[in-house]
Amino acid sequence: MDEPSSSDIPHVAAVWGLPDVAGEIAPGFAGPGRGRDKSGEPVATIITVHGTFAAPTAADANGKMPEPQWWEAGSVFEKDMRQLVEARDGELNFLPFPWSGDNSETKRRDAGERLTKVMRELETKSEPYCIVGHSHGGSILADALLNNAARRRPLANLKRWITVGTPFLKLRKELWLLTRLSLMRKVIFVASMMLLLMFIVYLLATQVGGERSIFGNTFPRVWIFTGLLASLPALVFYVVLRWLDGRGMLGYHRRTTRRAGSSFAPRWLPLSHPDDEAIQGLSLLPDARLDFFDKSFAVSSITLLSVIALPIIYFAILLSPPAMIGLAEWLKTEIYEANASPEAEAALTNLRTQLMAARKSEGEEVTSESGSAVPSPPDRRAAWQEYRAKRQELRQTYPNLDAIERGIRFKRRFFLKNGQPCEGGTLCGQGRDLAINSGLLLHVVTDELSWALGAADLQDRRKQWFWSLFVPAVIVPIILGAFALVLMVLIQGLATFVSTLAAKLLNSITNSEVKRAAYGNDTEGEVAIGALDRPTWVEKSLPRLPAPLASLITDYSNAAASLSIAKFRHAIGQIRFAVPPHSADTAISTYFTWKELVHASYFDVPEFRKLIAQVISHADGFVPSERFRADPDYARTAQWLDAIEKGPTTTDEPADRDPTQQDAKAVAAVVGSTVKATP
């Protein structure tokens with residue numbers, strides 16, 4: 001099939017839904033190129049651009065060089081091109097175009113700038129050339145063409161540009177200029193607005209506060225000139241940054257994109273499998289729901305807090321002065337002072353002093369609260385009986401004598417020091433004394449709790465003492481255990497709620513990051529929203545590969561997958577004992593290759609390489625070799641090419657079709673590529 005001449009261009013443009021631009025294409029587009037090599041012979045060049053994650057072939061650990069990749073010199077693809085394609089006049093030149101291979105839109109655009117320079121050199125030499133770009137290598141090629149369109153270069157010597165399995169990103173420009181600027185430009189832009197900001201703040205302050213202005217009182221027009229002066233730096237920088245922003249986003253210039261579509265779309269040939277994982281995966285990725293975090297992922301971790309919830313609550317109260325002072329004041333006011341009786345307290349204090357004197361050791365002095373010495377009774381037994389009799393009298397006079405006695409004991413323990421009230425009349429130590437605080441909490445769960453649970457209702461002193469021991473030893477652990485179980489249920493409910501919210505938030509963040517990483521969306525001010533099987537400046541897509549050729553590629557990919565699985569199954573018992581040990585990444589890269597994907601299998605299929613030879617050999621400046629003409633696949637590849645170029649075009653996007661199980665696998669492959677950076 002011959003390359004369209006200048007008279008055929010309106011027909012080709014009509015296929016693409018483009019205007020007739022034959023007059024805009026530089027003379028010589030359809031004419032033979034006349035490039036020359038150093039010896040003076042004419043040269044026709046094939047440029048190859050690899051895709052993401054590809055890198056120049058290097059020797060392995062044993063120093064053995066693997067087979068060159070399709071785009072490299074000495075590869076099977078180059079050998080086929082030299083055998084099947086010839087320069088119409090002179091020699092055929094094979095020119096690999098290496099780039100970093102990072103999944104980065106910034107790196108791809110940088111590579112596009114370098115490719116633009118290569119194309120300009122070939123244009124200067126008037127050498128006919130074709131470019132083949134695989135995967136995002138096609139994106140680099142499209143960026144280079146957009147750069148040339150912006151510079152009004154029709155690239156007359158570019159005869160065909162072929163993209164193989166290329167997903168062209170759909171990018172949306174951020175609405176506000178500030179969000180589209182780089183960090184340095186944002187800093188400069190905000191700095192330029194500071195003078196205006198200071199003027200606005202001063203203006204608002206004087207108007208709202210009613211203060212007299214320090215300038216403009218005599219000549220009100222000063223306000224206007226001051227405002228204009230303050231706005232000038234921001235306005236100048238805004239205009240400059242807006243201009244720089246426009247220069248860097250060529251894909252949003254209608255004139256540039258229209259010129260690119262008019263000049264280069266007729267020379268474009270996309271070759272992609274209907275189930276290409278990169279195209280389908282990136283196209284459907286925006287609608288994919290990737291749930292990395294189950295809604296209960298954090299429940300088990302959070303509920304572990306229930307194990308230490310009681311100690312945490314205990315120490316939180318123990319180390320909180322306001323909590324301790326508040327607890328002590330509440331007990332003092334609501335419980336003990338409610339039962340207070342100064343007469344009963346004085347009588348009980350005297351009885352206690354006498355009892356202590358009766359029980360004192362030889363040589364030990366006992367003093368009253370006033371500090372005077374209390375003599376020892378001559379008969380201690382008689383003193384003890386007298387104490388019991390007087391206490392019984394007091395009980396008859398004061399039925400709540402036990403409560404009064406507890407109040408005395410409480411004050412003495414926590415509100416008095418050396419018989420004197422503590423500072424401020426509050427809890428001793430102001431809630432900061434660890435001994436006082438821990439004693440108060442222990443008092444609450446023993447003395448207070450036992451009396452609250454019925455000790456006060458017992459008349460027999462022995463029963464009171466038994467109950468006072470039984471409650472801390474048995475009842476308190478039961479109560480604390482029940483409280484801990486209630487806390488566990490509450491924490492589980494809270495954990496479920498928190499985990500559900502966290503899962504939604506983390507899934508949202510992770511989805512955004514995974515999708516950003518999958519698209520390589522690292523440009524400032526642009527957001528990737530999907531992918532197409534055509535550049536955004538081309539209106540219609542050509543058909544995918546014909547079914548017979550697509551089946552050959554699928555069969556090759558399936559065969560590679562079968563071999564890899566068999567190899568992995570055979571080696572799975574050896575992975576455990578491998579030296580060095582395999583990580584998840586090294587195990588996959590050792591026993592699996594990218595050939596299991598259709599996207600990476602194109603150039604391993606001989607018929608596909610012959611299809612590319614068919615395309616290039618019928619471009620102006622190139623011819624099919626006699627060997628190719630005699631090849632049985634020559635006629636078949638011509639039919640395939642005819643089916644693609646003359647097949648029905650469509651404005652539909654890959655994402656418009658109903659997703660299939662194969663598409664789900666494509667999305668999984670794309671997501672997997674974000675985890676593993678190199679094959």
# chains A, B, ... in the order shown; residues from 1 in each chain; ligands from 1
>>> select_by_dssp(residues="segment 123-304 of chain A", states="helix (DSSP H, G or I)", output="compact mmCIF listing (two decimals) with N, CA and C atoms, in the first residue's frame")
# COMPACT_ATOMS: atom_id res chain seq x y z
N GLU A 123 14.60 16.57 10.02
CA GLU A 123 13.94 17.48 9.10
C GLU A 123 14.97 18.37 8.40
N THR A 124 15.97 18.78 9.16
CA THR A 124 17.02 19.62 8.57
C THR A 124 17.76 18.87 7.46
N LYS A 125 17.95 17.56 7.66
CA LYS A 125 18.64 16.74 6.66
C LYS A 125 17.72 16.27 5.55
N HIS A 136 3.81 3.77 26.54
CA HIS A 136 3.95 5.22 26.74
C HIS A 136 5.02 5.83 25.85
N GLY A 137 5.75 4.99 25.11
CA GLY A 137 6.61 5.55 24.07
C GLY A 137 5.78 6.26 23.03
N GLY A 138 4.56 5.77 22.79
CA GLY A 138 3.64 6.48 21.90
C GLY A 138 3.19 7.80 22.48
N SER A 139 3.05 7.86 23.83
CA SER A 139 2.71 9.13 24.48
C SER A 139 3.82 10.15 24.29
N ILE A 140 5.06 9.69 24.38
CA ILE A 140 6.20 10.58 24.15
C ILE A 140 6.17 11.11 22.73
N LEU A 141 5.87 10.25 21.80
CA LEU A 141 5.78 10.65 20.40
C LEU A 141 4.67 11.68 20.20
N ALA A 142 3.51 11.46 20.83
CA ALA A 142 2.41 12.42 20.71
C ALA A 142 2.79 13.76 21.32
N ASP A 143 3.51 13.75 22.46
CA ASP A 143 3.96 15.01 23.06
C ASP A 143 4.93 15.74 22.13
N ALA A 144 5.83 14.99 21.50
CA ALA A 144 6.77 15.61 20.57
C ALA A 144 6.03 16.24 19.39
N LEU A 145 5.03 15.59 18.89
CA LEU A 145 4.25 16.15 17.78
C LEU A 145 3.50 17.40 18.22
N LEU A 146 2.99 17.40 19.45
CA LEU A 146 2.31 18.59 19.96
C LEU A 146 3.29 19.75 20.08
N ASN A 147 4.52 19.46 20.51
CA ASN A 147 5.54 20.51 20.57
C ASN A 147 5.81 21.09 19.19
N ASN A 148 5.90 20.22 18.20
CA ASN A 148 6.14 20.70 16.84
C ASN A 148 4.96 21.49 16.30
N ALA A 149 3.76 21.07 16.66
CA ALA A 149 2.58 21.82 16.22
C ALA A 149 2.57 23.21 16.84
N ALA A 150 2.98 23.31 18.11
CA ALA A 150 3.04 24.62 18.76
C ALA A 150 4.06 25.52 18.09
N LEU A 177 -5.28 29.27 38.80
CA LEU A 177 -3.88 29.42 38.39
C LEU A 177 -2.93 29.01 39.50
N LEU A 178 -3.24 29.38 40.75
CA LEU A 178 -2.34 29.09 41.86
C LEU A 178 -2.13 27.59 42.01
N THR A 179 -3.17 26.79 41.80
CA THR A 179 -3.04 25.34 41.94
C THR A 179 -2.25 24.72 40.80
N ARG A 180 -2.08 25.45 39.71
CA ARG A 180 -1.34 24.91 38.56
C ARG A 180 0.13 25.28 38.58
N LEU A 183 5.90 24.86 42.97
CA LEU A 183 6.08 25.39 44.32
C LEU A 183 6.81 26.73 44.29
N MET A 184 7.86 26.83 43.49
CA MET A 184 8.62 28.08 43.43
C MET A 184 7.74 29.22 42.92
N ARG A 185 6.95 28.95 41.88
CA ARG A 185 6.09 30.00 41.34
C ARG A 185 4.97 30.37 42.30
N LYS A 186 4.48 29.39 43.06
CA LYS A 186 3.47 29.71 44.07
C LYS A 186 4.04 30.66 45.11
N VAL A 187 5.28 30.39 45.55
CA VAL A 187 5.91 31.25 46.55
C VAL A 187 6.07 32.66 46.00
N ILE A 188 6.53 32.78 44.76
CA ILE A 188 6.72 34.10 44.15
C ILE A 188 5.39 34.82 44.00
N PHE A 189 4.35 34.08 43.57
CA PHE A 189 3.04 34.69 43.35
C PHE A 189 2.46 35.23 44.66
N VAL A 190 2.54 34.43 45.73
CA VAL A 190 2.02 34.88 47.02
C VAL A 190 2.84 36.07 47.54
N ALA A 191 4.15 36.02 47.36
CA ALA A 191 4.98 37.14 47.79
C ALA A 191 4.61 38.42 47.06
N SER A 192 4.27 38.31 45.77
CA SER A 192 3.90 39.49 44.99
C SER A 192 2.58 40.10 45.46
N MET A 194 1.66 40.28 48.69
CA MET A 194 1.73 40.72 50.07
C MET A 194 1.44 42.20 50.24
N LEU A 195 1.95 43.03 49.33
CA LEU A 195 1.71 44.47 49.43
C LEU A 195 0.21 44.76 49.30
N LEU A 196 -0.45 44.10 48.37
CA LEU A 196 -1.89 44.27 48.21
C LEU A 196 -2.63 43.77 49.44
N LEU A 197 -2.19 42.66 50.00
CA LEU A 197 -2.83 42.12 51.20
C LEU A 197 -2.70 43.08 52.37
N MET A 198 -1.52 43.67 52.54
CA MET A 198 -1.32 44.62 53.64
C MET A 198 -2.21 45.85 53.47
N PHE A 199 -2.36 46.30 52.23
CA PHE A 199 -3.22 47.46 51.98
C PHE A 199 -4.68 47.13 52.28
N ILE A 200 -5.14 45.93 51.87
CA ILE A 200 -6.54 45.54 52.10
C ILE A 200 -6.82 45.40 53.59
N VAL A 201 -5.88 44.79 54.33
CA VAL A 201 -6.07 44.64 55.77
C VAL A 201 -6.15 46.00 56.45
N TYR A 202 -5.26 46.92 56.05
CA TYR A 202 -5.29 48.26 56.63
C TYR A 202 -6.60 48.97 56.30
N LEU A 203 -7.04 48.83 55.07
CA LEU A 203 -8.28 49.48 54.64
C LEU A 203 -9.46 48.96 55.44
N LEU A 204 -9.56 47.65 55.61
CA LEU A 204 -10.66 47.07 56.38
C LEU A 204 -10.59 47.46 57.84
N ALA A 205 -9.38 47.50 58.40
CA ALA A 205 -9.22 47.85 59.81
C ALA A 205 -9.67 49.28 60.08
N THR A 206 -9.32 50.19 59.20
CA THR A 206 -9.72 51.59 59.41
C THR A 206 -11.22 51.79 59.21
N GLN A 207 -11.81 51.05 58.28
CA GLN A 207 -13.24 51.21 58.03
C GLN A 207 -14.07 50.58 59.14
N VAL A 208 -13.67 49.39 59.58
CA VAL A 208 -14.44 48.70 60.63
C VAL A 208 -14.21 49.35 61.98
N GLY A 209 -12.97 49.71 62.29
CA GLY A 209 -12.67 50.27 63.59
C GLY A 209 -12.97 51.74 63.73
N ARG A 221 -7.97 61.02 46.84
CA ARG A 221 -7.50 60.25 45.69
C ARG A 221 -6.25 59.43 46.00
N VAL A 222 -5.59 59.78 47.09
CA VAL A 222 -4.40 59.02 47.49
C VAL A 222 -4.76 57.55 47.71
N TRP A 223 -5.98 57.31 48.19
CA TRP A 223 -6.43 55.93 48.39
C TRP A 223 -6.40 55.15 47.08
N ILE A 224 -6.86 55.79 46.03
CA ILE A 224 -6.93 55.11 44.73
C ILE A 224 -5.53 54.80 44.22
N PHE A 225 -4.65 55.79 44.29
CA PHE A 225 -3.28 55.58 43.80
C PHE A 225 -2.53 54.55 44.66
N THR A 226 -2.79 54.58 45.96
CA THR A 226 -2.15 53.61 46.83
C THR A 226 -2.62 52.19 46.50
N GLY A 227 -3.93 52.05 46.27
CA GLY A 227 -4.47 50.75 45.89
C GLY A 227 -3.90 50.25 44.59
N LEU A 228 -3.79 51.14 43.60
CA LEU A 228 -3.21 50.75 42.31
C LEU A 228 -1.74 50.36 42.46
N LEU A 229 -1.02 51.12 43.26
CA LEU A 229 0.39 50.82 43.48
C LEU A 229 0.56 49.48 44.18
N ALA A 230 -0.30 49.19 45.17
CA ALA A 230 -0.21 47.93 45.89
C ALA A 230 -0.60 46.75 45.00
N SER A 231 -1.49 47.00 44.02
CA SER A 231 -1.94 45.92 43.13
C SER A 231 -0.97 45.64 42.00
N LEU A 232 -0.09 46.61 41.71
CA LEU A 232 0.77 46.49 40.54
C LEU A 232 1.67 45.25 40.56
N PRO A 233 2.40 44.96 41.66
CA PRO A 233 3.25 43.75 41.64
C PRO A 233 2.45 42.47 41.42
N ALA A 234 1.29 42.35 42.10
CA ALA A 234 0.48 41.15 41.94
C ALA A 234 -0.02 41.03 40.51
N LEU A 235 -0.42 42.14 39.91
CA LEU A 235 -0.93 42.12 38.54
C LEU A 235 0.16 41.72 37.55
N VAL A 236 1.35 42.28 37.73
CA VAL A 236 2.46 41.97 36.83
C VAL A 236 2.83 40.49 36.92
N PHE A 237 2.98 40.00 38.14
CA PHE A 237 3.35 38.60 38.30
C PHE A 237 2.24 37.68 37.82
N TYR A 238 1.00 38.07 37.98
CA TYR A 238 -0.11 37.24 37.51
C TYR A 238 -0.05 37.10 35.99
N VAL A 239 0.18 38.21 35.32
CA VAL A 239 0.25 38.18 33.85
C VAL A 239 1.42 37.31 33.40
N VAL A 240 2.57 37.49 34.05
CA VAL A 240 3.76 36.72 33.66
C VAL A 240 3.54 35.23 33.92
N LEU A 241 3.04 34.91 35.09
CA LEU A 241 2.83 33.50 35.43
C LEU A 241 1.74 32.89 34.57
N ARG A 242 0.75 33.67 34.22
CA ARG A 242 -0.31 33.16 33.34
C ARG A 242 0.27 32.84 31.97
N TRP A 243 1.17 33.67 31.50
CA TRP A 243 1.81 33.44 30.20
C TRP A 243 2.69 32.19 30.25
N LEU A 244 3.48 32.07 31.32
CA LEU A 244 4.32 30.88 31.47
C LEU A 244 3.48 29.62 31.61
N ASP A 245 2.38 29.73 32.33
CA ASP A 245 1.49 28.58 32.50
C ASP A 245 0.90 28.15 31.15
N GLY A 246 0.52 29.11 30.34
CA GLY A 246 -0.03 28.79 29.03
C GLY A 246 0.98 28.13 28.12
N ARG A 247 2.23 28.56 28.20
CA ARG A 247 3.27 27.97 27.36
C ARG A 247 3.55 26.52 27.73
N GLY A 248 3.34 26.19 29.00
CA GLY A 248 3.67 24.84 29.44
C GLY A 248 2.55 23.84 29.29
N LEU A 250 0.46 22.83 26.46
CA LEU A 250 0.12 22.90 25.04
C LEU A 250 -1.15 22.13 24.72
N GLY A 251 -1.44 21.09 25.50
CA GLY A 251 -2.60 20.26 25.21
C GLY A 251 -3.92 20.97 25.41
N TYR A 252 -3.90 22.16 25.98
CA TYR A 252 -5.13 22.90 26.23
C TYR A 252 -5.28 24.10 25.29
N ARG A 254 -6.33 25.38 21.88
CA ARG A 254 -7.16 24.88 20.78
C ARG A 254 -6.45 24.99 19.44
N ARG A 255 -5.77 26.09 19.23
CA ARG A 255 -5.07 26.25 17.95
C ARG A 255 -3.98 25.20 17.79
N THR A 256 -3.24 24.97 18.87
CA THR A 256 -2.16 23.98 18.80
C THR A 256 -2.71 22.58 18.57
N THR A 257 -3.74 22.20 19.33
CA THR A 257 -4.29 20.86 19.17
C THR A 257 -4.96 20.69 17.81
N ARG A 258 -5.60 21.76 17.33
CA ARG A 258 -6.22 21.67 16.01
C ARG A 258 -5.16 21.53 14.93
N ARG A 259 -4.06 22.25 15.09
CA ARG A 259 -2.97 22.16 14.12
C ARG A 259 -2.32 20.78 14.17
N ALA A 260 -2.15 20.24 15.39
CA ALA A 260 -1.56 18.91 15.53
C ALA A 260 -2.45 17.86 14.87
N GLY A 261 -3.76 17.95 15.11
CA GLY A 261 -4.68 17.00 14.50
C GLY A 261 -4.69 17.09 12.99
N SER A 262 -4.65 18.31 12.48
CA SER A 262 -4.68 18.50 11.03
C SER A 262 -3.40 18.01 10.36
N SER A 263 -2.27 18.25 11.00
CA SER A 263 -0.99 17.94 10.37
C SER A 263 -0.56 16.49 10.55
N PHE A 264 -0.84 15.91 11.72
CA PHE A 264 -0.23 14.64 12.04
C PHE A 264 -1.19 13.45 12.13
N ALA A 265 -2.48 13.71 12.36
CA ALA A 265 -3.42 12.58 12.46
C ALA A 265 -3.48 11.74 11.19
N PRO A 266 -3.42 12.32 9.99
CA PRO A 266 -3.47 11.47 8.79
C PRO A 266 -2.28 10.52 8.66
N ARG A 267 -1.18 10.82 9.33
CA ARG A 267 0.00 9.96 9.23
C ARG A 267 0.12 8.98 10.39
N GLU A 277 -3.97 -4.66 28.06
CA GLU A 277 -4.19 -4.39 29.48
C GLU A 277 -3.94 -2.94 29.84
N ALA A 278 -2.94 -2.32 29.21
CA ALA A 278 -2.61 -0.93 29.56
C ALA A 278 -3.73 0.01 29.13
N ILE A 279 -4.21 -0.15 27.91
CA ILE A 279 -5.27 0.73 27.41
C ILE A 279 -6.56 0.51 28.19
N GLN A 280 -6.97 -0.76 28.30
CA GLN A 280 -8.23 -1.04 28.97
C GLN A 280 -8.14 -0.75 30.47
N GLY A 281 -7.02 -1.13 31.07
CA GLY A 281 -6.88 -0.92 32.50
C GLY A 281 -6.88 0.54 32.88
N LEU A 282 -6.09 1.36 32.18
CA LEU A 282 -6.02 2.79 32.49
C LEU A 282 -7.31 3.50 32.10
N SER A 283 -8.00 3.00 31.08
CA SER A 283 -9.26 3.62 30.68
C SER A 283 -10.35 3.39 31.72
N LEU A 284 -10.37 2.19 32.29
CA LEU A 284 -11.42 1.84 33.24
C LEU A 284 -11.03 2.13 34.69
N LEU A 285 -9.78 2.50 34.91
CA LEU A 285 -9.30 2.71 36.28
C LEU A 285 -10.09 3.79 37.04
N PRO A 286 -10.49 4.91 36.40
CA PRO A 286 -11.23 5.93 37.18
C PRO A 286 -12.51 5.39 37.81
N ASP A 287 -13.17 4.44 37.16
CA ASP A 287 -14.42 3.91 37.70
C ASP A 287 -14.20 2.69 38.58
N VAL A 299 -10.58 -2.91 63.66
CA VAL A 299 -11.37 -3.26 64.84
C VAL A 299 -10.53 -4.04 65.85
N SER A 300 -9.84 -5.08 65.39
CA SER A 300 -9.08 -5.91 66.32
C SER A 300 -7.98 -5.12 67.02
N SER A 301 -7.34 -4.21 66.29
CA SER A 301 -6.27 -3.42 66.90
C SER A 301 -6.82 -2.44 67.93
N ILE A 302 -7.92 -1.78 67.59
CA ILE A 302 -8.49 -0.79 68.50
C ILE A 302 -9.08 -1.46 69.74
N THR A 303 -9.73 -2.62 69.56
CA THR A 303 -10.35 -3.28 70.70
C THR A 303 -9.33 -3.82 71.69
N LEU A 304 -8.09 -3.91 71.28
CA LEU A 304 -7.05 -4.29 72.25
C LEU A 304 -6.94 -3.28 73.38
>>> residues_around(residues="segment 418-434 of chain A", least_positions_apart="5", cutoff="6 Å", atoms="only C-alpha atoms", output="list in words")
Pro321, Met324 and Ile325 of chain A
>>> residues_around(residues="Lys170 of chain A", least_positions_apart="2", cutoff="6 Å", atoms="only C-alpha atoms", output="PyMOL selection string")
chain A and resi 528-531
>>> atom_distance(atom1="atom CA of Thr163 of chain A", atom2="atom CA of Ala668 of chain A")
23.2 Å
>>> atom_distance(atom1="atom CA of Ser508 of chain A", atom2="atom CA of Thr52 of chain A")
26.0 Å
>>> decode(residues="segment 82-109 of chain A", atoms="N, CA and C atoms", output="PDB file, in the first residue's frame")
ATOM      1  N   ARG A  82      15.227  -4.766   8.677  1.00  0.00           N
ATOM      2  CA  ARG A  82      16.268  -4.683   7.647  1.00  0.00           C
ATOM      3  C   ARG A  82      16.054  -5.735   6.551  1.00  0.00           C
ATOM      4  N   GLN A  83      15.433  -6.855   6.916  1.00  0.00           N
ATOM      5  CA  GLN A  83      15.175  -7.886   5.919  1.00  0.00           C
ATOM      6  C   GLN A  83      13.914  -7.608   5.102  1.00  0.00           C
ATOM      7  N   LEU A  84      12.954  -6.926   5.718  1.00  0.00           N
ATOM      8  CA  LEU A  84      11.653  -6.746   5.074  1.00  0.00           C
ATOM      9  C   LEU A  84      11.457  -5.361   4.477  1.00  0.00           C
ATOM     10  N   VAL A  85      12.236  -4.383   4.929  1.00  0.00           N
ATOM     11  CA  VAL A  85      12.050  -2.998   4.494  1.00  0.00           C
ATOM     12  C   VAL A  85      13.375  -2.465   3.965  1.00  0.00           C
ATOM     13  N   GLU A  86      13.292  -1.685   2.920  1.00  0.00           N
ATOM     14  CA  GLU A  86      14.479  -1.036   2.364  1.00  0.00           C
ATOM     15  C   GLU A  86      14.193   0.442   2.166  1.00  0.00           C
ATOM     16  N   ALA A  87      15.279   1.221   2.192  1.00  0.00           N
ATOM     17  CA  ALA A  87      15.138   2.627   1.817  1.00  0.00           C
ATOM     18  C   ALA A  87      14.949   2.706   0.311  1.00  0.00           C
ATOM     19  N   ARG A  88      14.056   3.582  -0.102  1.00  0.00           N
ATOM     20  CA  ARG A  88      13.822   3.707  -1.549  1.00  0.00           C
ATOM     21  C   ARG A  88      15.111   4.059  -2.261  1.00  0.00           C
ATOM     22  N   ASP A  89      15.907   4.919  -1.690  1.00  0.00           N
ATOM     23  CA  ASP A  89      17.211   5.283  -2.240  1.00  0.00           C
ATOM     24  C   ASP A  89      18.212   5.275  -1.089  1.00  0.00           C
ATOM     25  N   GLY A  90      19.186   4.403  -1.135  1.00  0.00           N
ATOM     26  CA  GLY A  90      20.224   4.434  -0.112  1.00  0.00           C
ATOM     27  C   GLY A  90      20.025   3.368   0.955  1.00  0.00           C
ATOM     28  N   GLU A  91      20.401   3.740   2.194  1.00  0.00           N
ATOM     29  CA  GLU A  91      20.437   2.785   3.284  1.00  0.00           C
ATOM     30  C   GLU A  91      19.291   3.008   4.268  1.00  0.00           C
ATOM     31  N   LEU A  92      18.999   1.928   5.008  1.00  0.00           N
ATOM     32  CA  LEU A  92      17.993   1.996   6.067  1.00  0.00           C
ATOM     33  C   LEU A  92      18.714   2.198   7.400  1.00  0.00           C
ATOM     34  N   ASN A  93      18.291   3.197   8.125  1.00  0.00           N
ATOM     35  CA  ASN A  93      18.920   3.523   9.407  1.00  0.00           C
ATOM     36  C   ASN A  93      17.954   3.150  10.540  1.00  0.00           C
ATOM     37  N   PHE A  94      18.455   2.438  11.529  1.00  0.00           N
ATOM     38  CA  PHE A  94      17.651   2.033  12.690  1.00  0.00           C
ATOM     39  C   PHE A  94      18.144   2.824  13.893  1.00  0.00           C
ATOM     40  N   LEU A  95      17.283   3.652  14.483  1.00  0.00           N
ATOM     41  CA  LEU A  95      17.707   4.588  15.521  1.00  0.00           C
ATOM     42  C   LEU A  95      16.876   4.403  16.791  1.00  0.00           C
ATOM     43  N   PRO A  96      17.389   3.688  17.801  1.00  0.00           N
ATOM     44  CA  PRO A  96      16.675   3.575  19.082  1.00  0.00           C
ATOM     45  C   PRO A  96      16.684   4.916  19.820  1.00  0.00           C
ATOM     46  N   PHE A  97      15.594   5.218  20.480  1.00  0.00           N
ATOM     47  CA  PHE A  97      15.489   6.446  21.279  1.00  0.00           C
ATOM     48  C   PHE A  97      15.248   6.043  22.743  1.00  0.00           C
ATOM     49  N   PRO A  98      16.314   5.928  23.531  1.00  0.00           N
ATOM     50  CA  PRO A  98      16.129   5.539  24.938  1.00  0.00           C
ATOM     51  C   PRO A  98      15.708   6.731  25.797  1.00  0.00           C
ATOM     52  N   TRP A  99      14.969   6.447  26.822  1.00  0.00           N
ATOM     53  CA  TRP A  99      14.618   7.453  27.839  1.00  0.00           C
ATOM     54  C   TRP A  99      14.560   6.743  29.187  1.00  0.00           C
ATOM     55  N   SER A 100      14.227   7.430  30.239  1.00  0.00           N
ATOM     56  CA  SER A 100      14.336   6.872  31.589  1.00  0.00           C
ATOM     57  C   SER A 100      13.440   5.665  31.809  1.00  0.00           C
ATOM     58  N   GLY A 101      12.271   5.640  31.163  1.00  0.00           N
ATOM     59  CA  GLY A 101      11.333   4.543  31.363  1.00  0.00           C
ATOM     60  C   GLY A 101      10.509   4.659  32.632  1.00  0.00           C
ATOM     61  N   ASP A 102      10.652   5.755  33.360  1.00  0.00           N
ATOM     62  CA  ASP A 102       9.860   5.938  34.583  1.00  0.00           C
ATOM     63  C   ASP A 102       8.403   6.202  34.229  1.00  0.00           C
ATOM     64  N   ASN A 103       7.517   5.711  35.080  1.00  0.00           N
ATOM     65  CA  ASN A 103       6.095   5.983  34.887  1.00  0.00           C
ATOM     66  C   ASN A 103       5.800   7.373  35.435  1.00  0.00           C
ATOM     67  N   SER A 104       6.199   8.361  34.663  1.00  0.00           N
ATOM     68  CA  SER A 104       6.121   9.757  35.086  1.00  0.00           C
ATOM     69  C   SER A 104       5.773  10.608  33.879  1.00  0.00           C
ATOM     70  N   GLU A 105       4.694  11.359  34.001  1.00  0.00           N
ATOM     71  CA  GLU A 105       4.301  12.234  32.901  1.00  0.00           C
ATOM     72  C   GLU A 105       5.357  13.314  32.680  1.00  0.00           C
ATOM     73  N   THR A 106       5.982  13.757  33.750  1.00  0.00           N
ATOM     74  CA  THR A 106       7.045  14.753  33.616  1.00  0.00           C
ATOM     75  C   THR A 106       8.215  14.185  32.816  1.00  0.00           C
ATOM     76  N   LYS A 107       8.625  12.945  33.131  1.00  0.00           N
ATOM     77  CA  LYS A 107       9.731  12.331  32.400  1.00  0.00           C
ATOM     78  C   LYS A 107       9.340  12.085  30.940  1.00  0.00           C
ATOM     79  N   ARG A 108       8.089  11.734  30.710  1.00  0.00           N
ATOM     80  CA  ARG A 108       7.645  11.516  29.332  1.00  0.00           C
ATOM     81  C   ARG A 108       7.685  12.817  28.536  1.00  0.00           C
ATOM     82  N   ARG A 109       7.303  13.901  29.149  1.00  0.00           N
ATOM     83  CA  ARG A 109       7.336  15.182  28.435  1.00  0.00           C
ATOM     84  C   ARG A 109       8.770  15.643  28.198  1.00  0.00           C
TER      85      ARG A 109
END
